[in-house]
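Right, one structure below, let's go through it.
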2 protein chains.
Amino acid sequence: MEDQATIAGDEHGQIIFDVFARGCPSRETMEHITSRWGILAMAALGEGTYRFNALRRRVDGVSEKMLAQTLQALERDGLVHREAQATIPPKVEYSLTPLGREASRRLLDLIEWLEGEMPQVMAARERQDGGPTGG
Amino acid sequence: MEDQATIAGDEHGQIIFDVFARGCPSRETMEHITSRWGILAMAALGEGTYRFNALRRRVDGVSEKMLAQTLQALERDGLVHREAQATIPPKVEYSLTPLGREASRRLLDLIEWLEGEMPQVMAARERQDGGPTGG
DNA sequence: GTTAGTACTAACTTTTAGAAAGTACAACCA
DNA sequence: TGGTTGTACTTTCTAAAAGTTAGTACTAAC
């Protein structure tokens with residue numbers, strides 16, 4: 001056995017996904033959701049529908065290439081819905097699917113918790129940076 | 001104004017953190033937590049204390065370099081506690097701080113939800129990959 | 001005395017991200 | 001009439017990050 005098991009089946013023939021297993025597809029989707037821009041796109045779309053460039057302005061700092069790439073991955077995984085109007089110039093609306101909304105809720109929970117705890121993080125950094133070697 | 005505001009103060013002089021703002025420190029910490037290996041390290045440490053190499057075996061596929069780098073970032077942010085025994089060979093134990101445990105709970109919630117919904121993700125992928133152009 | 005294991009770091013290569021420009025077209029302004 | 005702006009991207013090139021491999025200093029086991 002050279003390779004690790006990636007997806008295992010249980011006694012009822014159901015597939016079991018495990019992010020700890022190298023090569024499990026759940027790891028890939030997790031990376032789409034929690035990537036640098038994925039998490040912000042998902043959180044923003046939790047607020048409602050956005051057009052491509054509006055989303056780009058909301059997700060401060062993302063490049064067009066990375067936003068397009070990120071949205072394509074999320075769309076493929078069934079988390080984001082893309083609706084293009086065949087007008088000129090083209091207008092494309094992005095929104096969350098029901099599955100995406102569930103993910104977004106959990107990401108927002110993490111984001112809001114983190115933003116609230118950041119003072120503690122900053123304090124820890126100061127302790128670490130000046131701390132052990134500083135004495 | 002060339003640069004976006006990164007951290008704003010409210011009327012009580014409190015600092016407000018916003019992951020949507022480019023350059024806000026909360027974004028950096030978010031990336032440590034949700035990075036490819038960060039999320040898995042945090043989730044694993046949610047199960048209990050691990051030594052470096054044991055953690056490496058648990059987080060299938062991570063290199064020594066990336067695990068060390070990831071743990072250092074999480075330690076600096078006050079999420080992970082590192083305790084080294086000055087023995088030979090050295091033994092280093094990693095565990096979560098109270099702050100880290102709160103983060104881990106939220107990550108685990110996301111992980112477990114995703115693993116359960118993966119069949120839906122796989123179905124969406126099949127629809128997308130074969131779908132619109134396949135007809 | 002050879003092999004394996006401890007927790008890393010450093011040098012090097014490969015992959016990915018980011019920046020900038022290109023595309024095709026129309027609406028706006030003068 | 002014609003230049004500018006805006007749409008949603010893709011392509012090309014460069015910079016940064018991740019991954020691979022080897023090295024360290026030492027011991028316990030075989």
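If you're wondering about the labels, chains in the structure tokens are A, B, ... by order shown, residues count from 1 in each chain, ligands from 1 in order shown.
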Residues of chain A no more than 7 Å from chain B, counting only C-alpha atoms: send them over as a list in words.
Phe17, Asp18, Phe20, Ala21, Arg22, Ser26, Glu31, Thr34, Ser35, Arg36, Leu40, Val59, Asp60, Gly61, Arg76, Asp77, Gly78, Arg106, Leu110, Glu115, Met118, Val121, Ala124, Arg125 and Gln128 of chain A
Going by DSSP on the backbone, which residues of segment 17-104 of chain B come out as helix (DSSP H, G or I)? List them as number ranges by chain.
B: 25-34, 38-45, 52-58, 64-76, 98-104
Dump N, CA and C atoms for the selected residues as a compact mmCIF listing (two decimals), in the first residue's frame?
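Written out: selection-v6.txt:
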# COMPACT_ATOMS: atom_id res chain seq x y z
N PRO B 25 -5.39 43.45 10.33
CA PRO B 25 -4.69 42.30 10.92
C PRO B 25 -5.58 41.06 11.07
N SER B 26 -6.89 41.27 11.15
CA SER B 26 -7.79 40.12 11.29
C SER B 26 -7.73 39.21 10.06
N ARG B 27 -7.41 39.82 8.93
CA ARG B 27 -7.33 39.04 7.71
C ARG B 27 -6.15 38.08 7.77
N GLU B 28 -5.06 38.56 8.33
CA GLU B 28 -3.85 37.76 8.48
C GLU B 28 -4.13 36.54 9.38
N THR B 29 -4.76 36.80 10.52
CA THR B 29 -5.06 35.71 11.45
C THR B 29 -6.05 34.74 10.83
N MET B 30 -7.03 35.27 10.12
CA MET B 30 -7.99 34.42 9.43
C MET B 30 -7.25 33.48 8.48
N GLU B 31 -6.25 34.01 7.80
CA GLU B 31 -5.49 33.17 6.87
C GLU B 31 -4.67 32.10 7.60
N HIS B 32 -4.17 32.43 8.78
CA HIS B 32 -3.44 31.42 9.55
C HIS B 32 -4.38 30.28 9.94
N ILE B 33 -5.59 30.65 10.34
CA ILE B 33 -6.57 29.66 10.81
C ILE B 33 -7.12 28.82 9.65
N THR B 34 -7.41 29.49 8.54
CA THR B 34 -8.09 28.78 7.45
C THR B 34 -7.15 28.38 6.31
N GLY B 38 -3.42 25.04 8.31
CA GLY B 38 -3.87 25.64 9.56
C GLY B 38 -5.16 25.05 10.06
N ILE B 39 -6.14 24.95 9.17
CA ILE B 39 -7.45 24.42 9.57
C ILE B 39 -7.33 22.98 10.04
N LEU B 40 -6.49 22.19 9.39
CA LEU B 40 -6.35 20.78 9.78
C LEU B 40 -5.58 20.65 11.09
N ALA B 41 -4.56 21.49 11.28
CA ALA B 41 -3.81 21.46 12.54
C ALA B 41 -4.72 21.86 13.70
N MET B 42 -5.51 22.92 13.50
CA MET B 42 -6.43 23.38 14.55
C MET B 42 -7.46 22.30 14.87
N ALA B 43 -7.99 21.67 13.84
CA ALA B 43 -9.00 20.63 14.05
C ALA B 43 -8.40 19.43 14.78
N ALA B 44 -7.21 19.05 14.38
CA ALA B 44 -6.55 17.90 15.02
C ALA B 44 -6.27 18.20 16.49
N LEU B 45 -5.75 19.39 16.77
CA LEU B 45 -5.44 19.76 18.15
C LEU B 45 -6.70 19.89 18.99
N PHE B 52 4.97 16.89 17.69
CA PHE B 52 5.15 17.37 16.32
C PHE B 52 4.93 16.27 15.26
N ASN B 53 5.65 15.17 15.42
CA ASN B 53 5.55 14.13 14.38
C ASN B 53 4.22 13.39 14.39
N ALA B 54 3.62 13.29 15.57
CA ALA B 54 2.30 12.66 15.65
C ALA B 54 1.27 13.52 14.90
N LEU B 55 1.39 14.82 15.09
CA LEU B 55 0.51 15.76 14.40
C LEU B 55 0.73 15.67 12.90
N ARG B 56 1.98 15.50 12.54
CA ARG B 56 2.32 15.39 11.13
C ARG B 56 1.69 14.15 10.50
N ARG B 57 1.65 13.07 11.27
CA ARG B 57 1.01 11.85 10.76
C ARG B 57 -0.51 12.03 10.69
N ARG B 58 -1.06 12.76 11.66
CA ARG B 58 -2.52 12.97 11.67
C ARG B 58 -2.96 13.85 10.49
N GLU B 64 7.14 18.76 6.77
CA GLU B 64 7.67 19.23 8.05
C GLU B 64 7.78 20.75 8.04
N LYS B 65 8.27 21.27 6.94
CA LYS B 65 8.43 22.73 6.83
C LYS B 65 7.10 23.45 7.03
N MET B 66 6.09 23.02 6.32
CA MET B 66 4.80 23.71 6.39
C MET B 66 4.14 23.54 7.74
N LEU B 67 4.30 22.38 8.36
CA LEU B 67 3.70 22.19 9.68
C LEU B 67 4.38 23.10 10.70
N ALA B 68 5.70 23.16 10.65
CA ALA B 68 6.44 24.03 11.57
C ALA B 68 6.03 25.49 11.38
N GLN B 69 5.97 25.90 10.13
CA GLN B 69 5.61 27.28 9.79
C GLN B 69 4.19 27.63 10.26
N THR B 70 3.28 26.69 10.01
CA THR B 70 1.88 26.88 10.39
C THR B 70 1.73 26.99 11.90
N LEU B 71 2.39 26.09 12.62
CA LEU B 71 2.30 26.09 14.08
C LEU B 71 2.91 27.36 14.67
N GLN B 72 3.99 27.83 14.07
CA GLN B 72 4.61 29.06 14.56
C GLN B 72 3.66 30.26 14.43
N ALA B 73 2.97 30.32 13.29
CA ALA B 73 2.02 31.43 13.07
C ALA B 73 0.87 31.34 14.07
N LEU B 74 0.37 30.13 14.30
CA LEU B 74 -0.76 29.94 15.22
C LEU B 74 -0.34 30.20 16.67
N GLU B 75 0.91 29.87 16.98
CA GLU B 75 1.41 30.13 18.33
C GLU B 75 1.52 31.64 18.55
N ARG B 76 2.04 32.32 17.56
CA ARG B 76 2.21 33.77 17.66
C ARG B 76 0.86 34.48 17.86
N PRO B 98 -7.16 28.46 25.29
CA PRO B 98 -8.62 28.64 25.36
C PRO B 98 -9.16 29.34 24.11
N LEU B 99 -8.44 30.33 23.61
CA LEU B 99 -8.83 31.02 22.39
C LEU B 99 -8.84 30.05 21.20
N GLY B 100 -7.80 29.24 21.12
CA GLY B 100 -7.69 28.26 20.06
C GLY B 100 -8.82 27.24 20.08
N ARG B 101 -9.25 26.89 21.30
CA ARG B 101 -10.32 25.90 21.42
C ARG B 101 -11.63 26.46 20.84
N GLU B 102 -11.86 27.75 21.06
CA GLU B 102 -13.06 28.38 20.50
C GLU B 102 -13.02 28.39 18.97
N ALA B 103 -11.84 28.68 18.44
CA ALA B 103 -11.68 28.67 16.98
C ALA B 103 -11.89 27.26 16.45
N SER B 104 -11.27 26.31 17.13
CA SER B 104 -11.33 24.91 16.70
C SER B 104 -12.77 24.41 16.62
Tell me the residues of chain C close to chain B, meaning within 8 Å using only C-alpha atoms (C1' of nucleotides), as a ChimeraX atom specification.
/C:6-8
The selected residues should be written to file as an mmCIF file, in the first residue's frame (atoms: C-alpha atoms (C1' of nucleotides)).
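Full text of selection-v9.cif as output:
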data_model
loop_
_atom_site.group_PDB
_atom_site.id
_atom_site.type_symbol
_atom_site.label_atom_id
_atom_site.label_comp_id
_atom_site.auth_asym_id
_atom_site.auth_seq_id
_atom_site.Cartn_x
_atom_site.Cartn_y
_atom_site.Cartn_z
ATOM 1 C "C1'" DT C 6 13.345 13.292 17.743
ATOM 2 C "C1'" DA C 7 12.112 18.425 15.973
ATOM 3 C "C1'" DC C 8 13.435 21.202 13.222
#
Superposition of chain B onto chain A by least squares over all sequentially paired C-alpha atoms; the transformed chain is requested as a tab-separated table (two decimals) with C-alpha atoms, in the first residue's frame.
chain	number	residue	atom	x	y	z
B	1	MET	CA	0.06	-0.14	0.58
B	2	GLU	CA	1.80	2.91	-0.76
B	3	ASP	CA	-1.13	5.30	-0.83
B	4	GLN	CA	-3.41	6.31	1.99
B	5	ALA	CA	-7.08	5.51	1.71
B	6	THR	CA	-8.87	8.62	0.51
B	7	ILE	CA	-12.54	7.70	0.56
B	8	ALA	CA	-13.84	4.75	2.49
B	9	GLY	CA	-17.17	3.01	2.25
B	10	ASP	CA	-19.03	1.92	5.37
B	11	GLU	CA	-21.05	-1.27	5.81
B	12	HIS	CA	-24.04	0.24	3.98
B	13	GLY	CA	-22.01	1.17	0.89
B	14	GLN	CA	-22.14	4.86	1.77
B	15	ILE	CA	-19.12	6.97	0.92
B	16	ILE	CA	-17.31	8.51	3.86
B	17	PHE	CA	-15.42	11.75	3.37
B	18	ASP	CA	-12.50	12.77	5.57
B	19	VAL	CA	-10.62	16.06	5.24
B	20	PHE	CA	-7.68	14.54	7.12
B	21	ALA	CA	-7.12	12.03	4.32
B	22	ARG	CA	-4.81	13.19	1.58
B	23	GLY	CA	-6.65	13.14	-1.73
B	24	CYS	CA	-10.18	13.15	-0.32
B	25	PRO	CA	-12.38	15.44	-2.47
B	26	SER	CA	-13.69	17.13	0.67
B	27	ARG	CA	-10.27	18.64	1.18
B	28	GLU	CA	-10.44	20.29	-2.24
B	29	THR	CA	-13.85	21.83	-1.53
B	30	MET	CA	-12.69	22.93	1.90
B	31	GLU	CA	-9.85	24.76	0.21
B	32	HIS	CA	-12.24	26.48	-2.20
B	33	ILE	CA	-14.36	27.66	0.72
B	34	THR	CA	-11.56	28.68	3.06
B	35	SER	CA	-9.06	30.00	0.53
B	36	ARG	CA	-7.90	33.58	0.95
B	37	TRP	CA	-10.59	34.93	-1.40
B	38	GLY	CA	-13.11	32.11	-1.17
B	39	ILE	CA	-14.05	32.83	2.42
B	40	LEU	CA	-14.50	36.54	1.69
B	41	ALA	CA	-16.54	35.92	-1.47
B	42	MET	CA	-18.79	33.46	0.39
B	43	ALA	CA	-19.23	35.88	3.29
B	44	ALA	CA	-20.00	38.80	0.99
B	45	LEU	CA	-22.54	36.79	-1.01
B	46	GLY	CA	-24.17	35.95	2.32
B	47	GLU	CA	-25.28	39.61	2.31
B	48	GLY	CA	-27.07	39.14	-1.02
B	49	THR	CA	-26.56	39.11	-4.77
B	50	TYR	CA	-23.55	40.88	-6.22
B	51	ARG	CA	-22.41	41.66	-9.74
B	52	PHE	CA	-18.81	40.75	-10.58
B	53	ASN	CA	-17.28	44.20	-10.17
B	54	ALA	CA	-19.41	45.08	-7.16
B	55	LEU	CA	-18.17	41.92	-5.47
B	56	ARG	CA	-14.67	42.87	-6.42
B	57	ARG	CA	-15.07	46.22	-4.70
B	58	ARG	CA	-16.56	44.55	-1.62
B	59	VAL	CA	-13.72	42.01	-1.36
B	60	ASP	CA	-11.05	44.64	-0.99
B	61	GLY	CA	-7.76	43.70	-2.65
B	62	VAL	CA	-8.82	40.78	-4.81
B	63	SER	CA	-7.64	40.78	-8.42
B	64	GLU	CA	-10.02	40.13	-11.30
B	65	LYS	CA	-8.21	36.92	-12.13
B	66	MET	CA	-8.43	35.51	-8.63
B	67	LEU	CA	-12.06	36.52	-8.15
B	68	ALA	CA	-13.05	34.87	-11.44
B	69	GLN	CA	-11.07	31.74	-10.57
B	70	THR	CA	-12.51	31.57	-7.05
B	71	LEU	CA	-16.10	32.01	-8.23
B	72	GLN	CA	-15.66	29.34	-10.89
B	73	ALA	CA	-14.46	26.82	-8.30
B	74	LEU	CA	-17.34	27.69	-5.94
B	75	GLU	CA	-19.85	27.46	-8.78
B	76	ARG	CA	-18.55	24.05	-9.78
B	77	ASP	CA	-18.96	22.83	-6.20
B	78	GLY	CA	-22.58	23.97	-6.20
B	79	LEU	CA	-22.09	26.72	-3.62
B	80	VAL	CA	-22.46	29.76	-5.87
B	81	HIS	CA	-25.02	30.43	-8.58
B	82	ARG	CA	-24.00	32.43	-11.66
B	83	GLU	CA	-26.60	34.14	-13.80
B	84	ALA	CA	-25.46	36.00	-16.92
B	85	GLN	CA	-27.62	38.44	-18.84
B	86	ALA	CA	-26.84	38.31	-22.57
B	87	THR	CA	-26.77	42.09	-22.83
B	88	ILE	CA	-24.00	44.39	-23.96
B	89	PRO	CA	-22.11	45.07	-21.82
B	90	PRO	CA	-22.73	41.68	-20.17
B	91	LYS	CA	-24.10	41.70	-16.65
B	92	VAL	CA	-23.42	38.71	-14.41
B	93	GLU	CA	-25.07	38.19	-11.06
B	94	TYR	CA	-23.60	35.97	-8.38
B	95	SER	CA	-25.59	34.57	-5.47
B	96	LEU	CA	-25.43	31.66	-3.04
B	97	THR	CA	-27.19	28.35	-3.56
B	98	PRO	CA	-29.02	26.83	-0.53
B	99	LEU	CA	-25.87	24.78	0.10
B	100	GLY	CA	-23.74	27.90	-0.17
B	101	ARG	CA	-25.94	29.73	2.31
B	102	GLU	CA	-25.31	27.01	4.91
B	103	ALA	CA	-21.57	27.29	4.35
B	104	SER	CA	-21.72	31.07	4.48
B	105	ARG	CA	-23.48	31.03	7.86
B	106	ARG	CA	-20.65	28.96	9.34
B	107	LEU	CA	-17.97	31.14	7.80
B	108	LEU	CA	-19.68	34.29	9.04
B	109	ASP	CA	-19.80	32.78	12.51
B	110	LEU	CA	-16.05	32.25	12.38
B	111	ILE	CA	-15.39	35.71	10.92
B	112	GLU	CA	-17.50	37.54	13.49
B	113	TRP	CA	-16.00	35.57	16.34
B	114	LEU	CA	-12.46	36.32	15.12
B	115	GLU	CA	-13.10	40.04	14.63
B	116	GLY	CA	-14.34	40.17	18.21
B	117	GLU	CA	-11.36	38.28	19.60
B	118	MET	CA	-8.71	40.18	17.64
B	119	PRO	CA	-7.69	42.30	20.65
B	120	GLN	CA	-6.69	39.02	22.35
B	121	VAL	CA	-4.76	37.97	19.25
B	122	MET	CA	-2.94	41.29	19.10
B	123	ALA	CA	-2.06	40.99	22.80
B	124	ALA	CA	-0.72	37.46	22.24
B	125	ARG	CA	1.42	38.69	19.38
B	126	GLU	CA	2.96	41.40	21.50
B	127	ARG	CA	3.69	38.91	24.25
B	128	GLN	CA	5.29	36.48	21.78
B	129	ASP	CA	7.25	39.03	19.80
B	130	GLY	CA	8.81	40.80	22.74
B	131	GLY	CA	8.51	37.99	25.25
B	132	PRO	CA	10.84	35.00	25.65
B	133	THR	CA	13.91	36.48	23.97
B	134	GLY	CA	13.21	40.02	25.12
B	135	GLY	CA	14.22	39.46	28.75
Proximal residues of chain D relative to chain A (only C-alpha atoms (C1' of nucleotides); 10 Å) as a PDB file with N, CA and C atoms (P, O5', C5', C4', C3', O3' and C1' of nucleotides), in the first residue's frame:
ATOM      1  P    DG D   6     -15.828  54.469 -14.959  1.00  0.00           P
ATOM      2  O5'  DG D   6     -16.635  53.136 -15.314  1.00  0.00           O
ATOM      3  C5'  DG D   6     -18.015  53.203 -15.661  1.00  0.00           C
ATOM      4  C4'  DG D   6     -18.429  51.906 -16.307  1.00  0.00           C
ATOM      5  C3'  DG D   6     -17.921  50.650 -15.586  1.00  0.00           C
ATOM      6  O3'  DG D   6     -19.003  49.888 -15.063  1.00  0.00           O
ATOM      7  C1'  DG D   6     -17.628  50.497 -17.946  1.00  0.00           C
ATOM      8  P    DT D   7     -18.801  48.606 -14.153  1.00  0.00           P
ATOM      9  O5'  DT D   7     -19.100  47.415 -15.146  1.00  0.00           O
ATOM     10  C5'  DT D   7     -20.376  47.269 -15.764  1.00  0.00           C
ATOM     11  C4'  DT D   7     -20.300  46.146 -16.775  1.00  0.00           C
ATOM     12  C3'  DT D   7     -19.609  44.891 -16.248  1.00  0.00           C
ATOM     13  O3'  DT D   7     -20.579  44.020 -15.705  1.00  0.00           O
ATOM     14  C1'  DT D   7     -18.903  45.457 -18.492  1.00  0.00           C
ATOM     15  P    DA D   8     -20.211  43.024 -14.537  1.00  0.00           P
ATOM     16  O5'  DA D   8     -19.404  41.885 -15.300  1.00  0.00           O
ATOM     17  C5'  DA D   8     -20.065  41.074 -16.265  1.00  0.00           C
ATOM     18  C4'  DA D   8     -19.061  40.188 -16.978  1.00  0.00           C
ATOM     19  C3'  DA D   8     -18.245  39.258 -16.053  1.00  0.00           C
ATOM     20  O3'  DA D   8     -18.079  38.000 -16.692  1.00  0.00           O
ATOM     21  C1'  DA D   8     -16.807  40.528 -17.333  1.00  0.00           C
ATOM     22  P    DC D   9     -17.951  36.645 -15.786  1.00  0.00           P
ATOM     23  O5'  DC D   9     -16.562  36.615 -15.166  1.00  0.00           O
ATOM     24  C5'  DC D   9     -15.202  36.518 -15.544  1.00  0.00           C
ATOM     25  C4'  DC D   9     -14.838  36.710 -16.973  1.00  0.00           C
ATOM     26  C3'  DC D   9     -13.525  36.031 -17.302  1.00  0.00           C
ATOM     27  O3'  DC D   9     -13.783  34.799 -17.962  1.00  0.00           O
ATOM     28  C1'  DC D   9     -13.578  38.286 -18.117  1.00  0.00           C
ATOM     29  P    DT D  10     -12.655  33.654 -17.889  1.00  0.00           P
ATOM     30  O5'  DT D  10     -11.523  34.153 -18.899  1.00  0.00           O
ATOM     31  C5'  DT D  10     -11.788  34.211 -20.303  1.00  0.00           C
ATOM     32  C4'  DT D  10     -10.512  34.621 -21.037  1.00  0.00           C
ATOM     33  C3'  DT D  10      -9.317  33.684 -20.803  1.00  0.00           C
ATOM     34  O3'  DT D  10      -8.737  33.399 -22.075  1.00  0.00           O
ATOM     35  C1'  DT D  10      -8.712  35.909 -20.248  1.00  0.00           C
TER      36       DT D  10
END
Atom C1' of DA21 of chain C to atom C1' of DA16 of chain D measures 20.9 Å
Using only C-alpha atoms (C1' of nucleotides), determine which residues lie at most 12 Å from DT14 of chain D, disregarding the query and same-chain residues fewer than 6 positions distant; provide the list as number ranges by chain.
C: 17-20
Let's have the selection written as an mmCIF file, in the first residue's frame, with C-alpha atoms (C1' of nucleotides).
data_model
loop_
_atom_site.group_PDB
_atom_site.id
_atom_site.type_symbol
_atom_site.label_atom_id
_atom_site.label_comp_id
_atom_site.auth_asym_id
_atom_site.auth_seq_id
_atom_site.Cartn_x
_atom_site.Cartn_y
_atom_site.Cartn_z
ATOM 1 C "C1'" DA C 17 -0.870 34.111 -6.734
ATOM 2 C "C1'" DG C 18 -0.822 38.818 -8.237
ATOM 3 C "C1'" DA C 19 -0.215 42.804 -11.611
ATOM 4 C "C1'" DA C 20 -0.970 44.560 -15.969
#
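The spacing separating atom C1' of DT15 of chain C from atom C1' of DT20 of chain D amounts to 12.2 Å.
Interatomic distance, atom C1' of DT13 of chain C against atom C1' of DG19 of chain D: 8.4 Å.
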Shell of 12 Å around DT5 of chain D, only C-alpha atoms (C1' of nucleotides), local chain residues under 3 positions omitted, as a PyMOL selection string
chain C and resi 26-29
Excluding DA30 of chain C and its own-chain neighbours fewer than 3 positions away, which residues fall within 12 Å of it when counting only C-alpha atoms (C1' of nucleotides)? Please give them as a PDB file with N, CA and C atoms (P, O5', C5', C4', C3', O3' and C1' of nucleotides), in the first residue's frame.
ATOM      1  P    DT D   1     -20.167  60.380 -38.016  1.00  0.00           P
ATOM      2  O5'  DT D   1     -19.418  61.772 -38.105  1.00  0.00           O
ATOM      3  C5'  DT D   1     -18.050  62.164 -38.292  1.00  0.00           C
ATOM      4  C4'  DT D   1     -17.280  62.263 -37.005  1.00  0.00           C
ATOM      5  C3'  DT D   1     -16.612  60.947 -36.597  1.00  0.00           C
ATOM      6  O3'  DT D   1     -15.241  61.212 -36.333  1.00  0.00           O
ATOM      7  C1'  DT D   1     -17.787  61.871 -34.763  1.00  0.00           C
ATOM      8  P    DG D   2     -14.149  60.002 -36.197  1.00  0.00           P
ATOM      9  O5'  DG D   2     -12.999  60.728 -35.351  1.00  0.00           O
ATOM     10  C5'  DG D   2     -13.281  61.804 -34.462  1.00  0.00           C
ATOM     11  C4'  DG D   2     -13.300  61.356 -33.026  1.00  0.00           C
ATOM     12  C3'  DG D   2     -12.663  59.990 -32.697  1.00  0.00           C
ATOM     13  O3'  DG D   2     -11.838  60.163 -31.565  1.00  0.00           O
ATOM     14  C1'  DG D   2     -14.736  60.173 -31.657  1.00  0.00           C
ATOM     15  P    DG D   3     -10.339  59.535 -31.509  1.00  0.00           P
ATOM     16  O5'  DG D   3      -9.930  59.709 -29.981  1.00  0.00           O
ATOM     17  C5'  DG D   3     -10.065  60.982 -29.340  1.00  0.00           C
ATOM     18  C4'  DG D   3     -10.753  60.836 -28.000  1.00  0.00           C
ATOM     19  C3'  DG D   3     -10.172  59.727 -27.093  1.00  0.00           C
ATOM     20  O3'  DG D   3      -9.802  60.332 -25.859  1.00  0.00           O
ATOM     21  C1'  DG D   3     -12.553  59.579 -27.186  1.00  0.00           C
ATOM     22  P    DT D   4      -9.060  59.482 -24.673  1.00  0.00           P
ATOM     23  O5'  DT D   4     -10.251  59.167 -23.653  1.00  0.00           O
ATOM     24  C5'  DT D   4     -11.072  60.232 -23.174  1.00  0.00           C
ATOM     25  C4'  DT D   4     -12.152  59.665 -22.255  1.00  0.00           C
ATOM     26  C3'  DT D   4     -11.648  58.580 -21.294  1.00  0.00           C
ATOM     27  O3'  DT D   4     -12.051  58.902 -19.969  1.00  0.00           O
ATOM     28  C1'  DT D   4     -13.556  57.802 -22.492  1.00  0.00           C
TER      29       DT D   4
END
